[in-house]
>>> print(open('target10.csv').read())   # CSV, C-alpha atoms and all ligand atoms
chain,number,residue,atom,x,y,z
A,1,MET,CA,42.8,78.6,45.5
A,2,ALA,CA,41.1,77.1,42.4
A,3,GLY,CA,37.8,78.7,41.7
A,4,GLY,CA,35.1,76.1,41.2
A,5,LEU,CA,37.6,73.5,42.7
A,6,ASP,CA,39.0,73.3,39.2
A,7,GLY,CA,41.6,70.5,39.0
A,8,ILE,CA,41.1,69.5,42.7
A,9,VAL,CA,40.8,65.7,43.4
A,10,ALA,CA,38.0,65.5,46.0
A,11,ALA,CA,37.9,61.7,46.6
A,12,ASP,CA,38.8,58.3,45.3
A,13,THR,CA,36.1,56.5,43.4
A,14,VAL,CA,35.8,53.1,41.7
A,15,LEU,CA,32.7,54.2,39.8
A,16,SER,CA,33.8,56.3,36.8
A,17,ASP,CA,36.7,58.1,35.2
A,18,VAL,CA,36.6,61.1,32.9
A,19,ASP,CA,39.8,61.6,30.9
A,20,GLY,CA,39.4,65.1,29.6
A,21,GLU,CA,42.5,65.1,27.4
A,22,ALA,CA,41.8,61.8,25.7
A,23,GLY,CA,38.0,62.4,25.5
A,24,ARG,CA,37.3,59.1,27.3
A,25,LEU,CA,34.6,58.1,29.9
A,26,VAL,CA,35.1,54.8,31.6
A,27,ILE,CA,32.4,53.4,33.9
A,28,ARG,CA,33.7,50.6,36.2
A,29,GLY,CA,36.4,49.7,33.7
A,30,VAL,CA,34.2,49.8,30.5
A,31,PRO,CA,34.2,52.6,27.9
A,32,VAL,CA,30.8,54.4,27.7
A,33,GLU,CA,30.3,53.6,24.0
A,34,VAL,CA,30.7,49.9,24.8
A,35,LEU,CA,28.2,50.1,27.6
A,36,ALA,CA,25.7,51.9,25.5
A,37,ALA,CA,25.9,49.4,22.6
A,38,ARG,CA,26.1,46.3,24.8
A,39,ASP,CA,24.9,46.6,28.3
A,40,GLY,CA,22.1,49.1,28.3
A,41,PHE,CA,20.8,51.0,31.3
A,42,GLU,CA,20.1,48.0,33.5
A,43,GLY,CA,23.5,46.6,32.7
A,44,VAL,CA,25.4,49.8,33.6
A,45,SER,CA,23.3,50.1,36.7
A,46,ALA,CA,24.3,46.6,37.8
A,47,ARG,CA,27.9,47.6,37.3
A,48,LEU,CA,27.5,50.8,39.3
A,49,TRP,CA,25.7,49.2,42.2
A,50,GLU,CA,28.0,46.1,42.3
A,51,GLY,CA,29.4,45.7,45.8
A,52,PHE,CA,27.4,48.6,47.1
A,53,VAL,CA,23.9,47.3,46.9
A,54,ALA,CA,24.7,43.6,46.5
A,55,ASP,CA,27.3,41.3,45.1
A,56,GLY,CA,27.2,39.5,41.7
A,57,LEU,CA,24.6,41.7,40.2
A,58,ASP,CA,23.8,41.4,36.5
A,59,ARG,CA,21.7,43.0,33.9
A,60,ALA,CA,18.8,40.5,34.1
A,61,GLN,CA,18.6,40.8,37.9
A,62,VAL,CA,18.5,44.6,37.8
A,63,ARG,CA,15.9,44.6,35.0
A,64,ASP,CA,13.8,42.4,37.2
A,65,VAL,CA,14.2,44.4,40.4
A,66,LEU,CA,13.7,47.7,38.7
A,67,GLY,CA,10.5,46.4,37.0
A,68,ARG,CA,9.1,45.2,40.3
A,69,GLY,CA,10.3,48.5,41.9
A,70,ARG,CA,8.3,50.5,39.3
A,71,VAL,CA,5.2,48.6,40.2
A,72,ALA,CA,5.8,49.2,43.9
A,73,ALA,CA,6.5,52.9,43.3
A,74,PHE,CA,3.2,53.3,41.4
A,75,ALA,CA,1.4,52.7,44.7
A,76,HIS,CA,3.0,56.0,45.8
A,77,VAL,CA,2.3,57.9,42.6
A,78,ALA,CA,-0.8,59.9,43.8
A,79,LYS,CA,1.2,61.4,46.6
A,80,ALA,CA,4.1,62.2,44.3
A,81,VAL,CA,1.9,63.8,41.7
A,82,ALA,CA,0.1,65.9,44.3
A,83,ALA,CA,3.4,67.2,45.6
A,84,GLY,CA,4.6,68.1,42.1
A,85,ALA,CA,1.4,69.6,40.9
A,86,GLY,CA,1.8,72.9,39.0
A,87,LEU,CA,5.6,72.8,39.1
A,88,GLU,CA,8.1,72.6,36.2
A,89,PRO,CA,9.3,69.0,35.5
A,90,VAL,CA,12.5,69.1,37.5
A,91,PRO,CA,11.1,70.7,40.7
A,92,ALA,CA,8.0,68.5,40.3
A,93,LEU,CA,10.2,65.3,40.1
A,94,ARG,CA,12.2,66.6,43.1
A,95,ALA,CA,9.0,67.2,45.1
A,96,GLY,CA,7.6,63.8,44.1
A,97,LEU,CA,10.8,61.9,45.0
A,98,ALA,CA,11.0,63.8,48.3
A,99,THR,CA,7.7,62.2,49.3
A,100,LEU,CA,9.2,58.7,49.0
A,101,THR,CA,10.8,57.6,52.2
A,102,GLU,CA,11.1,53.9,51.3
A,103,LEU,CA,9.8,51.2,49.1
A,104,THR,CA,9.3,48.2,51.4
A,105,GLY,CA,11.5,45.3,50.4
A,106,PHE,CA,13.7,47.4,48.0
A,107,HIS,CA,17.1,48.8,48.6
A,108,PRO,CA,17.0,52.6,48.4
A,109,ALA,CA,19.1,52.6,45.2
A,110,TYR,CA,16.5,50.4,43.5
A,111,ALA,CA,13.6,52.4,45.0
A,112,PHE,CA,14.7,55.8,43.8
A,113,THR,CA,15.9,54.6,40.4
A,114,ALA,CA,12.6,52.7,39.9
A,115,ALA,CA,10.5,55.6,41.2
A,116,ALA,CA,12.0,58.3,39.0
A,117,PRO,CA,10.6,57.2,35.6
A,118,VAL,CA,7.2,56.3,37.2
A,119,PHE,CA,6.8,59.6,39.0
A,120,LEU,CA,8.1,61.6,36.0
A,121,ALA,CA,5.8,60.0,33.5
A,122,ALA,CA,2.8,60.6,35.8
A,123,LEU,CA,3.8,64.2,36.5
A,124,LEU,CA,4.1,65.0,32.8
A,125,ARG,CA,0.8,63.3,32.0
A,126,GLN,CA,-0.8,65.2,34.8
A,127,HIS,CA,0.5,68.4,33.3
A,128,ASP,CA,-1.5,67.5,30.1
A,129,GLY,CA,-4.6,66.5,32.1
A,130,LEU,CA,-4.0,62.8,31.6
A,131,ALA,CA,-4.1,59.9,34.1
A,132,ALA,CA,-1.0,58.1,35.2
A,133,ILE,CA,-0.3,54.7,33.4
A,134,ALA,CA,0.7,51.7,35.5
A,135,PRO,CA,4.2,50.3,34.8
A,136,ASP,CA,4.8,47.1,33.0
A,137,PRO,CA,7.5,45.2,35.0
A,138,SER,CA,8.5,43.0,32.1
A,139,LEU,CA,9.9,46.0,30.2
A,140,THR,CA,13.2,47.8,30.5
A,141,THR,CA,13.3,51.2,32.1
A,142,ALA,CA,13.6,52.9,28.6
A,143,GLN,CA,10.7,50.9,27.1
A,144,ASP,CA,8.5,51.4,30.1
A,145,LEU,CA,9.2,55.1,30.4
A,146,LEU,CA,8.2,55.7,26.8
A,147,ARG,CA,5.1,53.6,27.3
A,148,MET,CA,4.1,55.3,30.5
A,149,LEU,CA,4.6,58.7,28.8
A,150,ARG,CA,2.7,57.9,25.6
A,151,GLY,CA,0.1,55.2,26.7
A,152,LYS,CA,1.4,52.8,24.1
A,153,GLN,CA,4.4,50.7,23.4
A,154,ALA,CA,7.3,52.5,21.7
A,155,ALA,CA,9.0,51.2,18.5
A,156,PRO,CA,12.1,49.1,19.3
A,157,THR,CA,14.4,51.7,17.7
A,158,GLU,CA,13.0,54.4,19.9
A,159,ALA,CA,13.4,52.3,23.1
A,160,ALA,CA,16.9,51.4,22.0
A,161,ALA,CA,17.8,55.1,21.5
A,162,LEU,CA,16.4,56.1,24.9
A,163,ASP,CA,18.2,53.2,26.5
A,164,ALA,CA,21.5,54.3,24.9
A,165,TYR,CA,20.8,57.8,26.3
A,166,LEU,CA,20.1,56.6,29.8
A,167,THR,CA,23.2,54.4,29.7
A,168,THR,CA,25.4,57.2,28.4
A,169,VAL,CA,24.4,59.7,31.2
A,170,SER,CA,24.3,57.2,34.0
A,171,ASP,CA,27.5,58.4,35.6
A,172,HIS,CA,30.3,60.9,34.9
A,173,GLY,CA,32.8,61.4,37.7
A,174,PHE,CA,32.5,64.3,40.1
A,175,ASN,CA,30.2,66.6,38.2
A,176,ALA,CA,28.3,69.2,40.2
A,177,SER,CA,25.2,67.0,40.9
A,178,THR,CA,27.2,63.9,41.8
A,179,PHE,CA,29.4,66.0,44.1
A,180,THR,CA,26.2,67.4,45.7
A,181,ALA,CA,25.0,63.8,46.2
A,182,ARG,CA,28.2,62.9,47.9
A,183,VAL,CA,28.3,65.9,50.2
A,184,VAL,CA,24.8,65.1,51.4
A,185,ALA,CA,25.5,61.4,51.7
A,186,SER,CA,28.6,62.2,53.7
A,187,THR,CA,26.3,63.3,56.5
A,188,GLN,CA,24.9,59.8,56.6
A,189,VAL,CA,21.3,61.0,55.8
A,190,GLY,CA,20.8,58.2,53.2
A,191,VAL,CA,20.5,57.6,49.5
A,192,GLY,CA,17.1,59.2,48.8
A,193,PRO,CA,17.8,62.7,50.2
A,194,SER,CA,21.2,62.6,48.5
A,195,ALA,CA,19.6,61.9,45.1
A,196,VAL,CA,17.0,64.6,45.6
A,197,ALA,CA,19.6,67.2,46.5
A,198,ALA,CA,21.6,66.1,43.4
A,199,LEU,CA,18.6,66.7,41.2
A,200,ALA,CA,18.5,70.4,42.4
A,201,ALA,CA,22.1,70.8,41.2
A,202,LEU,CA,21.4,69.1,37.9
A,203,GLU,CA,18.8,71.7,36.9
A,204,GLY,CA,21.1,74.6,36.2
A,205,PRO,CA,22.0,75.6,32.6
A,206,LEU,CA,25.7,75.1,33.3
A,207,HIS,CA,25.0,71.5,34.1
A,208,GLY,CA,22.0,69.4,33.0
A,209,GLY,CA,19.7,72.3,32.0
A,210,ALA,CA,21.4,73.0,28.7
A,211,PRO,CA,19.5,70.7,26.2
A,212,GLY,CA,16.3,72.6,26.1
A,213,PRO,CA,18.2,75.8,25.3
A,214,VAL,CA,20.2,74.0,22.6
A,215,LEU,CA,16.9,73.5,20.7
A,216,ASP,CA,16.0,77.1,21.4
A,217,MET,CA,19.3,78.0,19.8
A,218,LEU,CA,18.7,75.9,16.7
A,219,ASP,CA,15.2,77.3,16.3
A,220,SER,CA,16.4,80.8,16.8
A,221,ILE,CA,19.1,80.4,14.1
A,222,GLY,CA,16.4,79.1,11.8
A,223,GLY,CA,18.3,78.4,8.5
A,224,ALA,CA,21.8,77.5,7.3
A,225,GLU,CA,22.4,81.1,6.0
A,226,ASN,CA,22.0,82.5,9.5
A,227,ILE,CA,24.3,80.1,11.4
A,228,LYS,CA,27.6,82.0,11.3
A,229,PRO,CA,26.2,85.5,11.9
A,230,TRP,CA,23.9,84.2,14.7
A,231,LEU,CA,26.7,82.4,16.5
A,232,GLU,CA,29.1,85.3,16.1
A,233,SER,CA,26.7,87.9,17.3
A,234,ARG,CA,25.9,85.8,20.5
A,235,LEU,CA,29.5,85.3,21.3
A,236,ILE,CA,30.4,88.9,20.7
A,237,SER,CA,27.6,90.0,23.1
A,238,GLY,CA,29.2,87.6,25.7
A,239,GLU,CA,26.6,84.8,25.6
A,240,ARG,CA,27.6,81.2,25.9
A,241,LEU,CA,26.7,78.6,23.3
A,242,MET,CA,24.6,75.9,24.9
A,243,GLY,CA,26.0,72.4,24.3
A,244,PHE,CA,29.6,73.5,24.0
A,245,GLY,CA,32.4,73.6,26.5
A,246,HIS,CA,33.2,71.4,29.5
A,247,ARG,CA,35.2,71.8,32.7
A,248,VAL,CA,37.0,68.5,32.2
A,249,TYR,CA,36.9,67.7,28.5
A,250,LYS,CA,39.4,69.7,26.5
A,251,VAL,CA,38.3,67.6,23.4
A,252,ARG,CA,35.0,66.3,22.1
A,253,ASP,CA,32.9,64.7,24.8
A,254,PRO,CA,32.8,61.0,23.9
A,255,ARG,CA,29.1,60.8,24.8
A,256,ALA,CA,28.3,63.2,21.9
A,257,ASP,CA,29.0,60.6,19.3
A,258,VAL,CA,27.1,57.8,21.1
A,259,LEU,CA,24.1,60.1,21.1
A,260,LYS,CA,24.5,61.3,17.6
A,261,GLY,CA,24.5,57.6,16.5
A,262,ALA,CA,21.3,57.1,18.4
A,263,VAL,CA,19.7,60.2,16.7
A,264,ARG,CA,20.7,58.8,13.4
A,265,SER,CA,19.2,55.4,14.2
A,266,LEU,CA,15.8,57.1,14.6
A,267,SER,CA,16.2,58.6,11.1
A,268,ARG,CA,13.2,60.9,11.7
A,269,ASP,CA,14.4,64.1,10.2
A,270,ALA,CA,17.7,63.9,8.3
A,271,GLY,CA,17.4,67.6,7.5
A,272,ARG,CA,17.3,68.6,11.2
A,273,LEU,CA,20.4,66.4,11.9
A,274,ALA,CA,22.3,67.8,9.0
A,275,PHE,CA,21.4,71.4,10.1
A,276,ALA,CA,22.5,70.6,13.6
A,277,GLU,CA,25.8,69.1,12.4
A,278,GLN,CA,26.5,72.3,10.4
A,279,VAL,CA,25.7,74.4,13.5
A,280,GLU,CA,28.1,72.2,15.5
A,281,ALA,CA,30.9,72.5,13.0
A,282,ASP,CA,30.5,76.3,12.7
A,283,ALA,CA,30.2,76.7,16.5
A,284,ILE,CA,33.5,74.8,17.1
A,285,ALA,CA,35.3,76.9,14.5
A,286,ILE,CA,34.0,80.2,15.8
A,287,LEU,CA,34.6,79.3,19.4
A,288,ALA,CA,38.3,78.5,18.5
A,289,ARG,CA,38.6,81.9,16.9
A,290,VAL,CA,36.7,84.0,19.5
A,291,LYS,CA,38.0,82.1,22.5
A,292,PRO,CA,41.5,81.1,21.5
A,293,GLY,CA,43.2,78.6,23.8
A,294,ARG,CA,40.0,77.7,25.7
A,295,ARG,CA,39.6,74.4,23.8
A,296,LEU,CA,35.8,74.4,23.6
A,297,ASP,CA,34.1,71.5,21.9
A,298,THR,CA,30.8,69.7,21.8
A,299,ASN,CA,29.4,68.4,25.1
A,300,VAL,CA,26.8,65.8,25.8
A,301,GLU,CA,23.9,68.2,25.8
A,302,PHE,CA,24.1,69.1,22.1
A,303,TYR,CA,23.0,65.7,20.8
A,304,THR,CA,20.9,65.0,23.9
A,305,ALA,CA,18.7,67.8,22.7
A,306,LEU,CA,18.3,66.3,19.2
A,307,LEU,CA,17.7,62.8,20.6
A,308,LEU,CA,15.0,63.7,23.1
A,309,GLU,CA,13.4,65.9,20.4
A,310,ALA,CA,13.3,63.0,18.0
A,311,LEU,CA,11.6,60.9,20.7
A,312,ALA,CA,8.9,63.6,21.0
A,313,ILE,CA,9.8,64.3,24.7
A,314,PRO,CA,8.7,67.8,25.6
A,315,ARG,CA,11.5,70.3,25.8
A,316,ALA,CA,10.8,71.3,29.3
A,317,ALA,CA,11.2,67.7,30.4
A,318,PHE,CA,14.7,67.1,29.0
A,319,THR,CA,16.6,67.7,32.3
A,320,ALA,CA,14.2,65.4,34.2
A,321,ILE,CA,14.8,62.6,31.7
A,322,PHE,CA,18.5,63.1,32.3
A,323,ALA,CA,17.9,62.6,36.0
A,324,VAL,CA,16.2,59.2,35.3
A,325,GLY,CA,19.6,58.0,33.9
A,326,ARG,CA,21.8,59.8,36.3
A,327,MET,CA,19.9,58.3,39.3
A,328,ALA,CA,22.0,55.1,38.9
A,329,GLY,CA,25.2,57.1,39.3
A,330,TRP,CA,23.9,59.4,42.1
A,331,THR,CA,22.8,56.4,44.2
A,332,ALA,CA,26.0,54.5,43.7
A,333,HIS,CA,28.1,57.5,44.6
A,334,ALA,CA,26.0,58.2,47.7
A,335,LEU,CA,26.6,54.6,48.8
A,336,GLU,CA,30.3,54.8,48.1
A,337,GLN,CA,30.6,58.0,50.0
A,338,ALA,CA,28.6,56.7,53.0
A,339,ARG,CA,30.6,53.5,53.1
A,340,ASP,CA,34.1,54.7,52.4
A,341,GLY,CA,34.2,58.5,52.9
A,342,ARG,CA,34.3,60.9,55.8
A,343,LEU,CA,32.0,63.9,56.4
A,344,ILE,CA,32.8,66.4,53.7
A,345,ARG,CA,33.5,69.6,55.5
A,346,PRO,CA,36.1,71.8,53.8
A,347,LEU,CA,37.3,75.2,55.0
A,348,SER,CA,36.7,78.7,53.6
A,349,ARG,CA,39.0,81.6,53.7
A,350,TYR,CA,37.4,84.6,55.5
A,351,VAL,CA,37.9,87.8,53.4
A,352,GLY,CA,35.2,90.0,55.2
A,353,PRO,CA,35.7,92.8,57.6
A,354,LEU,CA,37.5,92.1,60.9
A,355,PRO,CA,35.8,93.0,64.2
A,356,LYS,CA,36.6,96.5,65.4
A,357,GLU,CA,39.2,96.7,68.2
A,358,ALA,CA,37.4,97.5,71.5
A,359,ALA,CA,37.9,101.2,72.2
B,401,LIG,N1,30.2,79.4,24.8
B,401,LIG,C1,31.0,80.4,24.8
B,401,LIG,N2,32.1,80.6,25.7
B,401,LIG,C2,32.3,79.6,26.5
B,401,LIG,C3,31.5,78.4,26.6
B,401,LIG,C4,30.4,78.3,25.7
B,401,LIG,N3,29.6,77.3,25.7
B,401,LIG,N4,32.0,77.6,27.6
B,401,LIG,C5,33.1,78.3,28.1
B,401,LIG,N5,33.3,79.4,27.5
B,401,LIG,C6,34.3,80.4,27.7
B,401,LIG,C7,34.0,81.3,28.9
B,401,LIG,O1,33.3,82.4,28.5
B,401,LIG,C8,35.4,81.6,29.4
B,401,LIG,O2,35.9,82.6,28.5
B,401,LIG,P1,36.9,83.8,29.1
B,401,LIG,O3,38.1,83.0,29.6
B,401,LIG,O4,37.1,84.6,28.0
B,401,LIG,O5,36.1,84.4,30.3
B,401,LIG,C9,36.2,80.3,29.1
B,401,LIG,O6,35.5,79.7,28.0
B,401,LIG,C10,36.3,79.4,30.3
B,401,LIG,O7,35.0,79.3,30.8
B,401,LIG,P2,34.7,78.8,32.3
B,401,LIG,O8,33.3,79.3,32.7
B,401,LIG,O9,35.8,79.0,33.2
B,401,LIG,O10,34.6,77.3,32.0
B,401,LIG,P3,33.9,76.2,33.0
B,401,LIG,O11,34.8,75.1,33.1
B,401,LIG,O12,33.5,76.8,34.3
B,401,LIG,O13,32.6,75.9,32.1
B,401,LIG,C11,30.7,75.0,31.3
B,401,LIG,C12,32.1,74.7,31.8
B,401,LIG,C13,29.8,75.5,32.4
B,401,LIG,C14,30.0,73.7,30.8
B,401,LIG,C15,30.7,76.0,30.1
B,401,LIG,O14,31.5,75.5,29.1
B,401,LIG,C16,29.4,76.4,29.6
B,401,LIG,O15,28.8,77.3,30.2
B,401,LIG,N6,28.8,75.8,28.5
B,401,LIG,C17,27.5,76.1,28.0
B,401,LIG,C18,26.4,75.4,28.9
B,401,LIG,C19,26.4,73.9,28.7
B,401,LIG,O16,26.5,73.4,27.6
B,401,LIG,N7,26.2,73.2,29.8
B,401,LIG,C20,26.1,71.7,29.8
B,401,LIG,C21,27.4,71.2,30.3
B,401,LIG,S1,27.5,69.4,30.2
B,401,LIG,C22,26.8,68.8,31.6
B,401,LIG,O17,27.0,69.3,32.7
B,401,LIG,C23,25.9,67.6,31.6
>>> encode(input="target10.csv", output="structure tokens")
Amino acid sequence: MAGGLDGIVAADTVLSDVDGEAGRLVIRGVPVEVLAARDGFEGVSARLWEGFVADGLDRAQVRDVLGRGRVAAFAHVAKAVAAGAGLEPVPALRAGLATLTELTGFHPAYAFTAAAPVFLAALLRQHDGLAAIAPDPSLTTAQDLLRMLRGKQAAPTEAAALDAYLTTVSDHGFNASTFTARVVASTQVGVGPSAVAALAALEGPLHGGAPGPVLDMLDSIGGAENIKPWLESRLISGERLMGFGHRVYKVRDPRADVLKGAVRSLSRDAGRLAFAEQVEADAIAILARVKPGRRLDTNVEFYTALLLEALAIPRAAFTAIFAVGRMAGWTAHALEQARDGRLIRPLSRYVGPLPKEAA
């Protein structure tokens, strides 16, 4: 049996394909780098939801419905913020979203994708003792999320960089959180609970919880002279380098370069990027030496960390921002599973003690 279901095909999907040998991610027929440059978060969401939420969806329609959905979600923000009070960002967002049963007039996929940025911004502001800011339905999700976080409009380059990020992480095959969403959706419980369950799976450091620790690693290394000894000592002591390695990709994760381009477009701190690039190059070389044959390369989280840092997002909130983008994919997968799939109910092999024979 494959530990971790390694290499097992668990379902058919029309949503996305991860080619780990070619280093390619295709979402509904379009490579991720094209989607990030051309379609943006609302465009990729339209693609993901096409045929599951409605037919003939396009970017403008989804921008409009998510804008109106954010406004509708804001009416529920007090309850969400009360539920998440005192919790770290991901559990707080989970608790907040769990209070949302429906948004009247909105399909659940729209409702949860619209509510996630509204609730998250309010929860993060509450943490800093600040009042929630009402959404602006005329903006994109990326523009409005930055505005609701900061209380003022973001520069176009910043909104474009966050939009590229949300697009890039919108869907990615049967990763652990998406598989979780599909298991839950297979019970026919609905889109919302499936997405909330997926958010729990996302939080772990082996999945979406790595970008904060990537920055901790860069900080801990400190300067260029420390890179190689630091990396070697961590690997020798059996630690994993955050932002490297992937179950499916055996080459560089294609999302890394999309995000690196977005970091560069912000051109905030060229020195920080150059230092990170040196850490990346040394890490790949040392991993190849210390873990021969494992084919460990950069994953999405390495440049996610630098991008969200450049956008002045608090480190503790990185994984929750990831969830705002992945919500489009989770909801689409939940709908595909509920429509086309069966109850997911595999078997386990019992290896415990047998009952004693009756004397
Ligand atoms: N640093 C050091 N060694 C590593 C790393 C790493 N980042 N990743 C894998 N390895 C090593 C393992 O120690 C193992 O070595 P061994 O055979 O000598 O025991 C070997 O490579 C295979 O590791 P597995 O755990 O079997 O690989 P798996 O496919 O389960 O791991 C994972 C994938 C969890 C992403 C892993 O590479 C990892 O822990 N990376 C660091 C955390 C991280 O970056 N997470 C974000 C992933 S991207 C995302 O989910 C959005």
>>> residues_around(input="target10.csv", residues="A:Ser348", least_positions_apart="3", cutoff="12 Å", atoms="all atoms listed in the file", output="short mmCIF file (atom, residue, chain, number, x, y, z; two decimals) with C-alpha atoms, in the frame of the given file")
data_model
loop_
_atom_site.label_atom_id
_atom_site.label_comp_id
_atom_site.auth_asym_id
_atom_site.auth_seq_id
_atom_site.Cartn_x
_atom_site.Cartn_y
_atom_site.Cartn_z
CA MET A 1 42.80 78.60 45.50
CA GLY A 3 37.80 78.70 41.70
CA ARG A 345 33.50 69.60 55.50
CA VAL A 351 37.90 87.80 53.40
CA GLY A 352 35.20 90.00 55.20
#
>>> residues_near_ligand(input="target10.csv", ligand="ligand LIG 401 (chain B)", cutoff="6 Å", atoms="all atoms listed in the file", output="list in words")
Pro205, Leu206, His207, Gly208, Ala210, Arg240, Leu241, Met242, Gly243, Phe244, Gly245, His246, Arg247, Arg294, Asn299, Val300 and Glu301 of chain A
>>> closest_residue(input="target10.csv", among="A:Lys260, A:Lys291, A:Arg255, A:Arg349", to="A:Ala274", atoms="only C-alpha atoms")
A:Lys260
>>> atom_distance(input="target10.csv", atom1="atom CA of A:Leu15", atom2="atom CA of A:Leu48")
6.2 Å
>>> atom_distance(input="target10.csv", atom1="atom CA of A:Ala114", atom2="atom CA of A:Glu203")
20.2 Å
>>> closest_atom_pairs(input="target10.csv", of="stretch 223-307 of chain A", to="stretch 313-337 of chain A", cutoff="10 Å", atoms="only C-alpha atoms", output="JSON lines")
{"residue": "A:Glu301", "atom": "CA", "partner": "A:Thr319", "partner_atom": "CA", "distance": 9.8}
{"residue": "A:Thr304", "atom": "CA", "partner": "A:Phe318", "partner_atom": "CA", "distance": 8.3}
{"residue": "A:Ala305", "atom": "CA", "partner": "A:Phe318", "partner_atom": "CA", "distance": 7.5}
{"residue": "A:Leu307", "atom": "CA", "partner": "A:Ile313", "partner_atom": "CA", "distance": 9.0}
>>> residues_around(input="target10.csv", residues="A:Gly238", least_positions_apart="3", cutoff="12 Å", atoms="only C-alpha atoms", output="list in words")
Leu231, Glu232, Ser233, Arg234, Leu235, Leu241, Leu287, Val290 and Lys291 of chain A
>>> atom_distance(input="target10.csv", atom1="atom CA of A:Ala22", atom2="atom CA of A:Phe302")
19.5 Å
>>> residues_around(input="target10.csv", residues="A:Val189", least_positions_apart="4", cutoff="10 Å", atoms="all atoms listed in the file", output="PyMOL selection string")
chain A and resi 184-185+193-194+334+338
>>> closest_residue(input="target10.csv", among="A:Ala224, A:Leu25, A:Thr167, A:Asp12", to="A:Gly43", atoms="all atoms listed in the file")
A:Thr167
>>> residues_around(input="target10.csv", residues="A:Ala262", least_positions_apart="6", cutoff="10 Å", atoms="all atoms listed in the file", output="JSON, numbers by chain")
{"A": [36, 37, 157, 158, 160, 161, 162, 163, 164, 165, 256, 303, 304, 306, 307, 310]}
>>> closest_residue(input="target10.csv", among="A:Val169, A:Ala2, A:Leu57, A:Leu149", to="A:Val26", atoms="all atoms listed in the file")
A:Val169
>>> closest_residue(input="target10.csv", among="A:Ala78, A:Pro91, A:Glu239, A:Tyr110", to="A:Met217", atoms="all atoms listed in the file")
A:Glu239
>>> residues_around(input="target10.csv", residues="A:Gly23", least_positions_apart="6", cutoff="9 Å", atoms="all atoms listed in the file", output="list in words")
Tyr249, Lys250, Val251, Arg252, Asp253 and Pro254 of chain A
>>> closest_residue(input="target10.csv", among="A:Pro355, A:Glu225, A:Pro117, A:Ala155", to="A:Ala134", atoms="all atoms listed in the file")
A:Pro117
>>> closest_residue(input="target10.csv", among="A:Thr140, A:Ser267, A:Thr178, A:Thr113", to="A:Ser16", atoms="all atoms listed in the file")
A:Thr178
